[in-house]
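**Q** This is start.cif (mmCIF, C-alpha atoms and all ligand atoms).
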```
data_final
loop_
_atom_site.label_atom_id
_atom_site.label_comp_id
_atom_site.auth_asym_id
_atom_site.auth_seq_id
_atom_site.Cartn_x
_atom_site.Cartn_y
_atom_site.Cartn_z
CA MET B 1 -1.33 -14.64 -33.97
CA GLN B 2 -4.02 -16.17 -31.79
CA ALA B 3 -6.29 -13.99 -29.66
CA LEU B 4 -9.66 -14.14 -27.91
CA THR B 5 -11.93 -11.59 -29.58
CA ILE B 6 -15.46 -10.32 -30.10
CA SER B 7 -16.80 -8.74 -33.27
CA SER B 8 -20.17 -7.70 -31.84
CA HIS B 9 -21.67 -7.25 -28.37
CA GLY B 10 -23.95 -9.72 -26.65
CA GLY B 11 -23.61 -12.92 -24.64
CA LEU B 12 -20.55 -15.11 -24.22
CA ASP B 13 -21.47 -16.86 -27.50
CA ARG B 14 -19.89 -13.80 -29.18
CA LEU B 15 -16.42 -14.87 -27.99
CA GLU B 16 -14.28 -16.00 -30.87
CA LEU B 17 -10.77 -17.45 -30.83
CA ARG B 18 -8.99 -16.08 -33.89
CA ASN B 19 -5.66 -17.33 -35.22
CA ASP B 20 -5.33 -14.98 -38.19
CA LEU B 21 -4.56 -11.67 -36.50
CA PRO B 22 -1.36 -9.73 -37.28
CA SER B 23 1.20 -9.53 -34.50
CA PRO B 24 1.23 -5.99 -33.09
CA GLU B 25 4.22 -3.79 -33.93
CA LEU B 26 5.86 -1.16 -31.73
CA HIS B 27 4.15 2.18 -32.42
CA ARG B 28 6.38 4.57 -30.48
CA PRO B 29 10.01 4.57 -29.28
CA GLY B 30 8.74 4.14 -25.71
CA ASP B 31 6.74 0.97 -26.47
CA VAL B 32 7.50 -2.62 -25.57
CA ARG B 33 6.07 -5.84 -26.96
CA ILE B 34 5.26 -8.69 -24.60
CA ARG B 35 4.99 -12.31 -25.60
CA VAL B 36 2.02 -13.09 -23.38
CA ARG B 37 2.27 -16.26 -21.30
CA ALA B 38 -0.90 -15.84 -19.21
CA ALA B 39 -3.79 -13.40 -19.07
CA ALA B 40 -6.39 -12.96 -16.33
CA LEU B 41 -10.04 -11.98 -16.50
CA ASN B 42 -11.73 -9.08 -14.74
CA ARG B 43 -15.39 -8.20 -14.42
CA LEU B 44 -14.66 -5.39 -16.87
CA ASP B 45 -14.16 -8.02 -19.60
CA LEU B 46 -17.74 -9.22 -19.12
CA PHE B 47 -18.97 -5.63 -19.43
CA VAL B 48 -16.98 -5.19 -22.67
CA VAL B 49 -18.52 -8.35 -24.16
CA ALA B 50 -22.01 -7.12 -23.21
CA GLY B 51 -21.25 -3.60 -24.47
CA LEU B 52 -20.48 -0.46 -22.46
CA PRO B 53 -22.14 2.89 -23.15
CA GLY B 54 -19.74 5.23 -24.93
CA VAL B 55 -17.19 2.51 -25.72
CA THR B 56 -16.90 1.53 -29.39
CA ILE B 57 -14.89 -1.52 -30.39
CA ALA B 58 -13.12 -2.09 -33.72
CA PRO B 59 -13.72 -5.75 -34.70
CA PRO B 60 -12.10 -8.17 -34.28
CA TRP B 61 -11.61 -6.74 -30.78
CA ILE B 62 -9.07 -8.41 -28.45
CA LEU B 63 -10.27 -8.72 -24.83
CA GLY B 64 -8.34 -8.68 -21.56
CA ALA B 65 -6.68 -6.10 -19.27
CA ASP B 66 -4.27 -8.28 -17.25
CA ALA B 67 -1.31 -10.31 -18.41
CA SER B 68 2.20 -11.51 -17.72
CA GLY B 69 4.83 -12.57 -20.20
CA VAL B 70 8.28 -12.01 -21.61
CA ILE B 71 9.52 -8.85 -23.34
CA ASP B 72 10.36 -9.71 -26.96
CA ALA B 73 10.88 -6.24 -28.49
CA ILE B 74 11.62 -2.76 -27.10
CA GLY B 75 11.55 0.72 -28.65
CA ALA B 76 14.65 2.87 -28.99
CA ASP B 77 13.84 4.96 -25.90
CA VAL B 78 13.18 2.07 -23.52
CA THR B 79 15.66 1.69 -20.65
CA THR B 80 13.55 0.18 -17.84
CA VAL B 81 13.21 -3.35 -19.25
CA ALA B 82 15.15 -5.54 -21.68
CA VAL B 83 14.27 -8.32 -24.11
CA GLY B 84 13.86 -11.54 -22.14
CA ASP B 85 12.60 -9.89 -18.93
CA HIS B 86 9.57 -11.44 -17.28
CA VAL B 87 7.01 -8.69 -16.71
CA VAL B 88 3.54 -7.87 -15.45
CA ILE B 89 1.36 -5.37 -17.31
CA ASN B 90 -0.62 -2.49 -15.83
CA GLY B 91 -3.68 -2.32 -18.08
CA GLY B 92 -4.33 1.39 -17.48
CA VAL B 93 -2.70 3.58 -20.17
CA SER B 94 -2.50 7.37 -19.73
CA ASP B 95 -1.19 10.20 -21.92
CA ARG B 96 1.58 11.11 -19.40
CA THR B 97 1.29 14.81 -20.32
CA CYS B 98 -1.87 16.16 -18.63
CA GLU B 99 -1.88 17.92 -15.24
CA TYR B 100 -2.91 14.72 -13.40
CA CYS B 101 -0.26 12.59 -15.08
CA ARG B 102 2.42 15.21 -14.30
CA ASP B 103 1.18 15.01 -10.71
CA GLY B 104 1.72 11.23 -10.70
CA GLU B 105 -2.01 10.50 -10.69
CA GLN B 106 -2.36 8.62 -13.98
CA PRO B 107 -5.81 7.08 -13.29
CA LEU B 108 -7.28 10.62 -13.34
CA CYS B 109 -5.99 11.24 -16.88
CA PRO B 110 -8.80 12.50 -19.17
CA ARG B 111 -7.35 10.27 -21.89
CA TYR B 112 -6.98 7.22 -19.64
CA GLY B 113 -7.65 3.96 -21.48
CA ILE B 114 -7.80 0.35 -20.33
CA LEU B 115 -6.46 -2.59 -22.33
CA GLY B 116 -9.30 -4.67 -23.71
CA GLU B 117 -11.75 -1.79 -23.31
CA HIS B 118 -10.26 1.24 -25.10
CA LEU B 119 -7.08 -0.40 -26.42
CA PRO B 120 -6.36 -3.89 -27.81
CA GLY B 121 -6.38 -6.41 -24.97
CA THR B 122 -4.07 -8.97 -23.45
CA ILE B 123 -5.70 -12.33 -24.24
CA ALA B 124 -3.44 -12.75 -27.24
CA GLU B 125 -0.04 -14.14 -28.09
CA SER B 126 1.45 -10.61 -28.14
CA VAL B 127 0.54 -7.16 -26.89
CA VAL B 128 2.25 -3.77 -27.29
CA VAL B 129 2.12 -1.24 -24.42
CA PRO B 130 4.16 1.75 -23.25
CA ALA B 131 7.20 0.68 -21.21
CA ALA B 132 5.74 2.68 -18.29
CA ASN B 133 2.99 0.04 -18.15
CA VAL B 134 5.27 -2.91 -17.42
CA ARG B 135 7.46 -3.88 -14.49
CA PRO B 136 9.98 -6.71 -14.35
CA ILE B 137 9.25 -9.55 -11.93
CA PRO B 138 11.48 -12.36 -10.65
CA ASN B 139 11.55 -15.41 -12.96
CA THR B 140 10.45 -17.48 -9.96
CA VAL B 141 6.93 -15.96 -9.96
CA PRO B 142 4.66 -18.27 -12.00
CA PHE B 143 3.15 -16.58 -15.06
CA GLU B 144 -0.39 -17.56 -14.00
CA ALA B 145 -0.03 -15.84 -10.61
CA ALA B 146 1.65 -12.82 -12.19
CA ALA B 147 -1.17 -12.45 -14.73
CA ALA B 148 -3.74 -12.62 -11.92
CA PHE B 149 -1.97 -9.99 -9.87
CA THR B 150 -1.95 -6.51 -11.26
CA LEU B 151 -5.39 -5.03 -11.90
CA ALA B 152 -7.10 -6.40 -8.77
CA THR B 153 -4.13 -5.75 -6.47
CA LEU B 154 -3.46 -2.29 -7.86
CA THR B 155 -7.12 -1.37 -7.43
CA ALA B 156 -7.22 -2.72 -3.88
CA TRP B 157 -3.89 -1.09 -2.94
CA ARG B 158 -5.08 2.34 -4.02
CA MET B 159 -8.34 1.84 -2.10
CA ILE B 160 -6.83 0.50 1.14
CA VAL B 161 -3.45 2.25 1.31
CA SER B 162 -3.78 5.53 -0.63
CA ARG B 163 -7.47 6.42 -0.32
CA ALA B 164 -8.78 4.91 2.95
CA ARG B 165 -5.30 4.94 4.61
CA VAL B 166 -6.08 1.88 6.69
CA LYS B 167 -4.04 1.61 9.90
CA SER B 168 -2.97 -1.45 11.85
CA ASN B 169 -5.48 -1.10 14.68
CA GLU B 170 -8.51 -0.52 12.45
CA ASP B 171 -11.54 -2.62 11.51
CA VAL B 172 -12.28 -3.06 7.80
CA LEU B 173 -15.49 -4.50 6.31
CA ILE B 174 -15.03 -6.15 2.89
CA TRP B 175 -18.07 -7.17 0.84
CA GLY B 176 -18.11 -10.02 -1.66
CA ILE B 177 -15.07 -11.96 -0.55
CA GLY B 178 -14.04 -14.25 -3.41
CA GLY B 179 -13.79 -11.48 -6.01
CA GLY B 180 -10.29 -10.48 -7.07
CA VAL B 181 -10.35 -6.95 -5.62
CA ALA B 182 -11.97 -8.08 -2.35
CA LEU B 183 -9.36 -10.83 -1.86
CA ALA B 184 -6.51 -8.43 -2.63
CA ALA B 185 -8.05 -5.96 -0.16
CA LEU B 186 -8.12 -8.70 2.49
CA GLN B 187 -4.48 -9.61 1.84
CA ILE B 188 -3.37 -5.97 1.97
CA CYS B 189 -5.30 -5.37 5.20
CA LYS B 190 -3.58 -8.40 6.75
CA LEU B 191 -0.21 -7.02 5.61
CA ILE B 192 -1.03 -3.75 7.39
CA GLY B 193 -2.30 -5.62 10.43
CA ALA B 194 -5.90 -4.41 10.29
CA ARG B 195 -8.81 -6.52 11.53
CA THR B 196 -11.01 -7.74 8.65
CA TRP B 197 -14.74 -8.49 8.54
CA VAL B 198 -15.55 -10.32 5.31
CA VAL B 199 -18.96 -10.97 3.79
CA SER B 200 -20.14 -13.64 1.38
CA GLY B 201 -23.26 -15.69 0.68
CA SER B 202 -21.13 -18.82 0.43
CA ASP B 203 -19.90 -20.88 3.42
CA ASP B 204 -17.15 -22.28 1.27
CA LYS B 205 -15.84 -18.82 0.32
CA LEU B 206 -15.96 -17.71 3.97
CA ARG B 207 -14.04 -20.80 5.05
CA ARG B 208 -11.37 -20.12 2.43
CA ALA B 209 -11.20 -16.44 3.42
CA ALA B 210 -10.53 -17.58 7.00
CA GLU B 211 -7.59 -19.61 5.70
CA LEU B 212 -6.24 -16.34 4.23
CA GLY B 213 -6.51 -14.67 7.63
CA ALA B 214 -9.96 -13.05 7.59
CA ASP B 215 -10.84 -12.30 11.23
CA VAL B 216 -14.65 -12.25 11.21
CA LEU B 217 -16.84 -14.17 8.73
CA LEU B 218 -20.32 -12.85 7.95
CA ASP B 219 -22.80 -14.87 5.88
CA ARG B 220 -25.08 -12.27 4.29
CA THR B 221 -27.80 -14.88 3.65
CA THR B 222 -28.27 -15.63 7.37
CA THR B 223 -26.96 -12.46 9.06
CA ASP B 224 -27.90 -8.78 9.18
CA VAL B 225 -24.34 -7.66 8.46
CA ALA B 226 -24.60 -4.12 9.84
CA ARG B 227 -26.50 -5.15 13.00
CA THR B 228 -24.01 -7.93 13.72
CA ILE B 229 -21.10 -5.52 13.35
CA ARG B 230 -22.79 -2.97 15.64
CA GLU B 231 -23.42 -5.68 18.25
CA ARG B 232 -19.94 -7.13 18.08
CA THR B 233 -18.18 -3.74 18.24
CA ASN B 234 -20.26 -2.45 21.17
CA LYS B 235 -22.12 -0.13 18.72
CA ARG B 236 -18.87 1.44 17.50
CA GLY B 237 -18.90 0.15 13.92
CA VAL B 238 -15.97 -0.37 11.58
CA ASP B 239 -13.42 2.23 10.48
CA VAL B 240 -13.44 1.41 6.77
CA VAL B 241 -15.87 -0.26 4.37
CA VAL B 242 -14.73 -1.60 0.99
CA ASP B 243 -17.93 -1.63 -1.07
CA ASN B 244 -17.81 -2.60 -4.76
CA VAL B 245 -21.40 -3.81 -4.78
CA GLY B 246 -23.21 -0.44 -4.68
CA LYS B 247 -26.98 -0.29 -4.47
CA ALA B 248 -27.53 -3.67 -2.78
CA THR B 249 -25.07 -3.04 0.08
CA TRP B 250 -24.87 0.77 0.44
CA GLU B 251 -27.39 1.12 3.26
CA GLN B 252 -25.79 -1.75 5.23
CA SER B 253 -22.33 -0.32 4.58
CA LEU B 254 -23.29 3.02 6.12
CA ARG B 255 -25.06 1.36 9.08
CA ALA B 256 -21.84 -0.59 9.73
CA LEU B 257 -19.60 2.48 9.43
CA GLY B 258 -18.41 4.08 12.66
CA ARG B 259 -17.60 7.69 13.46
CA ARG B 260 -14.92 9.21 11.20
CA GLY B 261 -15.36 6.10 9.02
CA ARG B 262 -14.31 5.91 5.40
CA LEU B 263 -16.32 4.14 2.73
CA VAL B 264 -14.30 3.41 -0.38
CA SER B 265 -15.92 2.32 -3.64
CA CYS B 266 -14.44 1.12 -6.92
CA GLY B 267 -17.51 -0.51 -8.38
CA ALA B 268 -21.29 -0.76 -8.41
CA THR B 269 -22.07 -4.24 -9.68
CA SER B 270 -25.62 -4.24 -8.22
CA GLY B 271 -26.51 -0.72 -9.38
CA PRO B 272 -24.97 2.77 -9.30
CA ILE B 273 -27.66 4.97 -7.72
CA VAL B 274 -27.81 5.02 -3.90
CA GLU B 275 -29.39 7.08 -1.11
CA THR B 276 -27.42 8.67 1.72
CA ASP B 277 -28.74 10.56 4.75
CA LEU B 278 -26.47 13.62 4.72
CA ARG B 279 -27.17 14.30 8.40
CA ARG B 280 -25.45 11.03 9.26
CA LEU B 281 -22.64 11.85 6.84
CA PHE B 282 -21.71 15.14 8.50
CA TRP B 283 -22.54 14.15 12.08
CA ASN B 284 -20.36 11.04 11.89
CA GLN B 285 -17.75 12.92 9.81
CA TRP B 286 -17.65 10.15 7.25
CA SER B 287 -15.55 10.21 4.09
CA ILE B 288 -17.04 8.67 0.95
CA LEU B 289 -14.10 7.87 -1.32
CA GLY B 290 -14.02 6.87 -4.95
CA SER B 291 -11.08 4.94 -6.32
CA THR B 292 -10.14 3.39 -9.63
CA MET B 293 -7.09 1.49 -10.89
CA GLY B 294 -3.73 2.81 -9.58
CA ASN B 295 -0.87 5.19 -10.36
CA ASP B 296 2.78 4.46 -11.22
CA ALA B 297 3.96 4.70 -7.59
CA GLU B 298 1.25 2.26 -6.51
CA PHE B 299 2.22 -0.09 -9.37
CA ASP B 300 5.84 0.02 -8.12
CA ALA B 301 4.66 -0.67 -4.56
CA ILE B 302 2.57 -3.74 -5.39
CA VAL B 303 5.22 -5.25 -7.68
CA ALA B 304 7.74 -4.88 -4.84
CA GLU B 305 5.32 -6.80 -2.58
CA LEU B 306 4.92 -9.51 -5.25
CA ALA B 307 8.69 -9.81 -5.76
CA ALA B 308 9.22 -10.08 -2.00
CA GLY B 309 6.56 -12.78 -1.74
CA ARG B 310 4.41 -10.71 0.62
CA LEU B 311 1.47 -10.48 -1.78
CA MET B 312 0.45 -13.34 -4.05
CA PRO B 313 -2.94 -13.43 -5.76
CA VAL B 314 -5.43 -16.23 -5.26
CA VAL B 315 -5.91 -18.09 -8.56
CA ASP B 316 -9.29 -19.81 -8.84
CA SER B 317 -8.73 -21.68 -12.07
CA VAL B 318 -6.52 -21.79 -15.17
CA PHE B 319 -7.93 -22.40 -18.66
CA SER B 320 -6.21 -22.86 -22.01
CA LEU B 321 -6.68 -20.17 -24.65
CA ALA B 322 -8.75 -22.68 -26.66
CA ASP B 323 -11.11 -22.87 -23.63
CA GLY B 324 -11.38 -19.08 -23.32
CA ARG B 325 -15.14 -19.16 -23.35
CA ALA B 326 -15.21 -21.60 -20.41
CA ALA B 327 -13.00 -19.14 -18.52
CA PHE B 328 -15.51 -16.34 -19.14
CA GLU B 329 -18.35 -18.64 -18.08
CA ARG B 330 -16.51 -19.37 -14.83
CA LEU B 331 -16.20 -15.62 -14.16
CA ALA B 332 -19.83 -14.97 -15.07
CA SER B 333 -20.98 -17.76 -12.70
CA GLY B 334 -19.82 -15.78 -9.67
CA GLU B 335 -18.71 -19.07 -8.09
CA GLN B 336 -15.00 -18.36 -8.39
CA PHE B 337 -12.75 -17.70 -5.40
CA GLY B 338 -9.91 -15.64 -6.81
CA LYS B 339 -8.83 -14.94 -10.34
CA VAL B 340 -9.70 -16.80 -13.51
CA VAL B 341 -6.59 -17.16 -15.66
CA ILE B 342 -6.07 -18.07 -19.32
CA ARG B 343 -2.77 -19.66 -20.27
CA VAL B 344 -1.49 -18.51 -23.66
CA PRO B 345 0.52 -21.08 -25.62
ZN ZN W 1 -2.82 12.39 -18.46
#
```
Represent the supplied structure as structure tokens.

**A**
Amino acid sequence: MQALTISSHGGLDRLELRNDLPSPELHRPGDVRIRVRAAALNRLDLFVVAGLPGVTIAPPWILGADASGVIDAIGADVTTVAVGDHVVINGGVSDRTCEYCRDGEQPLCPRYGILGEHLPGTIAESVVVPAANVRPIPNTVPFEAAAAFTLATLTAWRMIVSRARVKSNEDVLIWGIGGGVALAALQICKLIGARTWVVSGSDDKLRRAAELGADVLLDRTTTDVARTIRERTNKRGVDVVVDNVGKATWEQSLRALGRRGRLVSCGATSGPIVETDLRRLFWNQWSILGSTMGNDAEFDAIVAELAAGRLMPVVDSVFSLADGRAAFERLASGEQFGKVVIRVP
């Protein structure tokens, strides 16, 4: 089968489209095989190409954590999906036996693995995953949108709904609008009815965020984000900050955060080490929340929103599998607004 692979770490010149890989077989009675119709890229895929500390790949390594497709084989124990079903894949695979899994909190599993990072990825003609990692979707949802949906929306849902527990009358600051998680966070906040303050260095991205319902647009290149928020909220600040940037935005995030505010982080693209004045933390009774991926209940919840048409991801661009490297270059450029998708023939 065809798949987009790397055999060593480095730049995007390491990407290699192979057409000589064996089709994966079902390993366990609970597995399903998906004939992939579209896969979507995440920042994680760039990190895997560059090489992540502690993560060893077995070449040729198939990239990709997100995909949609059609079930073409199921194990003997599988009852939740049937051959021919259109599905989305949750790229986070857990052991389903540890204390966290039994508690329904799969992303905390000590043996948690992500497709394309710890397990063979989705940018391939076929992929095998546990049935618990797929959900059927209506045939009316385009494969490209479905592929673009899961990882970013699941991550954002856990951050906004489960961790920060955003309410309808609250103000939420979202950094880096244009990224998949930030856009999903905006859409989920609008669904809840919260007021959103979105930040970008691009006028074009801010204009497009406004079309999606963003309430306040902040250009970080011309505005002191935290000061503007303080001024425009009569010094109150926002209730929740969604910060995936880390070092570069941390100080501004905390200056923007009001009393009993929650800062939720699922990434640190600009650097992981930050400084926090603990006196402000306890005096303002802030909560600093970490979040990653999502559990089975959250996966069910977002797929229900997709099926009902209430959440639909923003797709920036669609590339053919043969142009996989161009897709990665688009993601690496940082110019995208929404998800970069690869169509699999
Ligand atoms: Zn577990």

**Q** At a cut-off of 9 Å around ligand ZN 1 (chain W), and using only C-alpha atoms and all ligand atoms, what residues come up? Please write them as a CSV table (one decimal) with C-alpha atoms, in the frame of the given file.

**A**
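Output file selection-v8.csv follows:
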```
chain,number,residue,atom,x,y,z
B,93,VAL,CA,-2.7,3.6,-20.2
B,94,SER,CA,-2.5,7.4,-19.7
B,95,ASP,CA,-1.2,10.2,-21.9
B,96,ARG,CA,1.6,11.1,-19.4
B,97,THR,CA,1.3,14.8,-20.3
B,98,CYS,CA,-1.9,16.2,-18.6
B,99,GLU,CA,-1.9,17.9,-15.2
B,100,TYR,CA,-2.9,14.7,-13.4
B,101,CYS,CA,-0.3,12.6,-15.1
B,102,ARG,CA,2.4,15.2,-14.3
B,105,GLU,CA,-2.0,10.5,-10.7
B,106,GLN,CA,-2.4,8.6,-14.0
B,107,PRO,CA,-5.8,7.1,-13.3
B,108,LEU,CA,-7.3,10.6,-13.3
B,109,CYS,CA,-6.0,11.2,-16.9
B,110,PRO,CA,-8.8,12.5,-19.2
B,111,ARG,CA,-7.4,10.3,-21.9
B,112,TYR,CA,-7.0,7.2,-19.6
```

**Q** For the interface of region 49-103 of chain B with region 17-27 of chain B (cut-off 8 Å, counting all atoms listed in the file), please tabulate each contacting residue of region 49-103 of chain B alongside its nearest pair of atoms and their separation in Å to one decimal, rows sorted by chain and increasing number, as CSV.

**A**
```
residue,atom,partner,partner_atom,distance
B:Ala73,CA,B:Leu26,CA,7.8
B:Ile74,CA,B:Leu26,CA,7.6
B:Gly75,CA,B:Leu26,CA,6.7
```

**Q** Please build the interface table for region 105-206 of chain B against region 84-89 of chain B with a cut-off of 8 Å, listing for each qualifying residue the nearest atom pair and the distance in Å to one decimal; count all atoms listed in the file, order rows by chain and increasing number, and write it as a tab-separated table.

**A**
```
residue	atom	partner	partner_atom	distance
B:Asn133	CA	B:Ile89	CA	5.7
B:Val134	CA	B:Ile89	CA	4.6
B:Arg135	CA	B:Val87	CA	5.3
B:Pro136	CA	B:Val87	CA	4.3
B:Ile137	CA	B:Val87	CA	5.3
B:Pro138	CA	B:His86	CA	7.0
B:Asn139	CA	B:His86	CA	6.2
B:Ala146	CA	B:Val88	CA	6.2
B:Ala147	CA	B:Val88	CA	6.6
B:Thr150	CA	B:Ile89	CA	7.0
```

**Q** By how many Å are CA of Leu154 (chain B) and CA of Gly92 (chain B) apart?

**A** 10.3 Å

**Q** Do a neighbour search on Arg280 (chain B) at 12 Å with all atoms listed in the file, toss out local chain neighbours closer than 6 positions, and write the hits as number ranges by chain.

**A** B: 251, 254-255, 257-261, 286-287

**Q** Extract, using all atoms listed in the file, all DNA, RNA and protein residues at most 12 Å from Ala3 (chain B), discarding same-chain residues fewer than 5 positions from it, and format them as an MDAnalysis selection string.

**A** chainID B and resid 15:24 36 38:39 60:64 116 120:127 320:324 342:345

**Q** Taking 3 positions as the minimum chain separation for residues in the same chain, which residues sit within 8 Å of Cys266 (chain B) when counting only C-alpha atoms? Answer as a list in words.

**A**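 That gives Thr155, Met159, Asp243, Asn244, Gly290, Ser291 and Thr292 of chain B.
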
**Q** When you count all atoms listed in the file, which of these residues is closest to Ile174 (chain B): B:Ser202, B:Asn295, B:Thr249, B:Thr140?

**A** B:Thr249

**Q** Which polymer residues, protein or nucleic acid, are no farther than 9 Å from (-18.7, -6.4, 7.4), counting only C-alpha atoms, as a PyMOL selection string?

**A** chain B and resi 172-175+196-199+216-218+225-226+228-229+238+241-242+252-253+256

**Q** Closest to Ala209 (chain B) among B:Ala268, B:Val83, B:Ala182, B:Val303, using only C-alpha atoms?

**A**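 So, comparing all the options, the nearest one is B:Ala182.
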
**Q** To one decimal place in Å, what is the distance between CA of Asp296 (chain B) and CA of Val55 (chain B)?

**A**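 Separating CA of Asp296 (chain B) from CA of Val55 (chain B) is a distance of 24.8 Å.
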
**Q** Do you have the CA of Ala65 (chain B)-CA of Leu119 (chain B) distance handy?

**A** 9.2 Å

**Q** When you look at Glu329 (chain B) with a cut-off of 12 Å (counting all atoms listed in the file), what residues show up, excluding the ones that are within fewer than 6 positions of it in the same chain? I need them as JSON, numbers by chain.

**A** {"B": [11, 12, 13, 15, 41, 43, 45, 46, 49, 317, 319, 323, 335, 336, 340]}

**Q** Please determine, counting only C-alpha atoms, which residue among B:Leu186, B:Leu151, B:Leu44, B:Val128 has the shortest atom-to-atom distance to Asn90 (chain B).

**A**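 Closest residue, counting only C-alpha atoms: B:Leu151.
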
**Q** Using all atoms listed in the file for the distances, tell me which of B:Ala184, B:Gly54, B:Ala304, B:Gly91 is nearest to Trp157 (chain B).

**A**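 Distance minimum relative to Trp157 (chain B) lands on B:Ala184.
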
**Q** Pick out the closest residue to Gly176 (chain B) from this set: B:Arg330, B:Arg28, B:His118, B:Lys205. Count all atoms listed in the file.

**A**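 Closest to Gly176 (chain B) of all the choices is B:Lys205.
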
**Q** What's the 12 Å shell around Met312 (chain B), counting all atoms listed in the file, without same-chain residues fewer than 4 positions away, as a ChimeraX atom specification?

**A** /B:141-150,152-153,180,183-188,191,212,302-308,338-339

**Q** Which is closest to Ile57 (chain B) among B:Gly294, B:Val318, B:Gly104, B:His9, if we use only C-alpha atoms?

**A**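 Closest to Ile57 (chain B), using only C-alpha atoms: B:His9.
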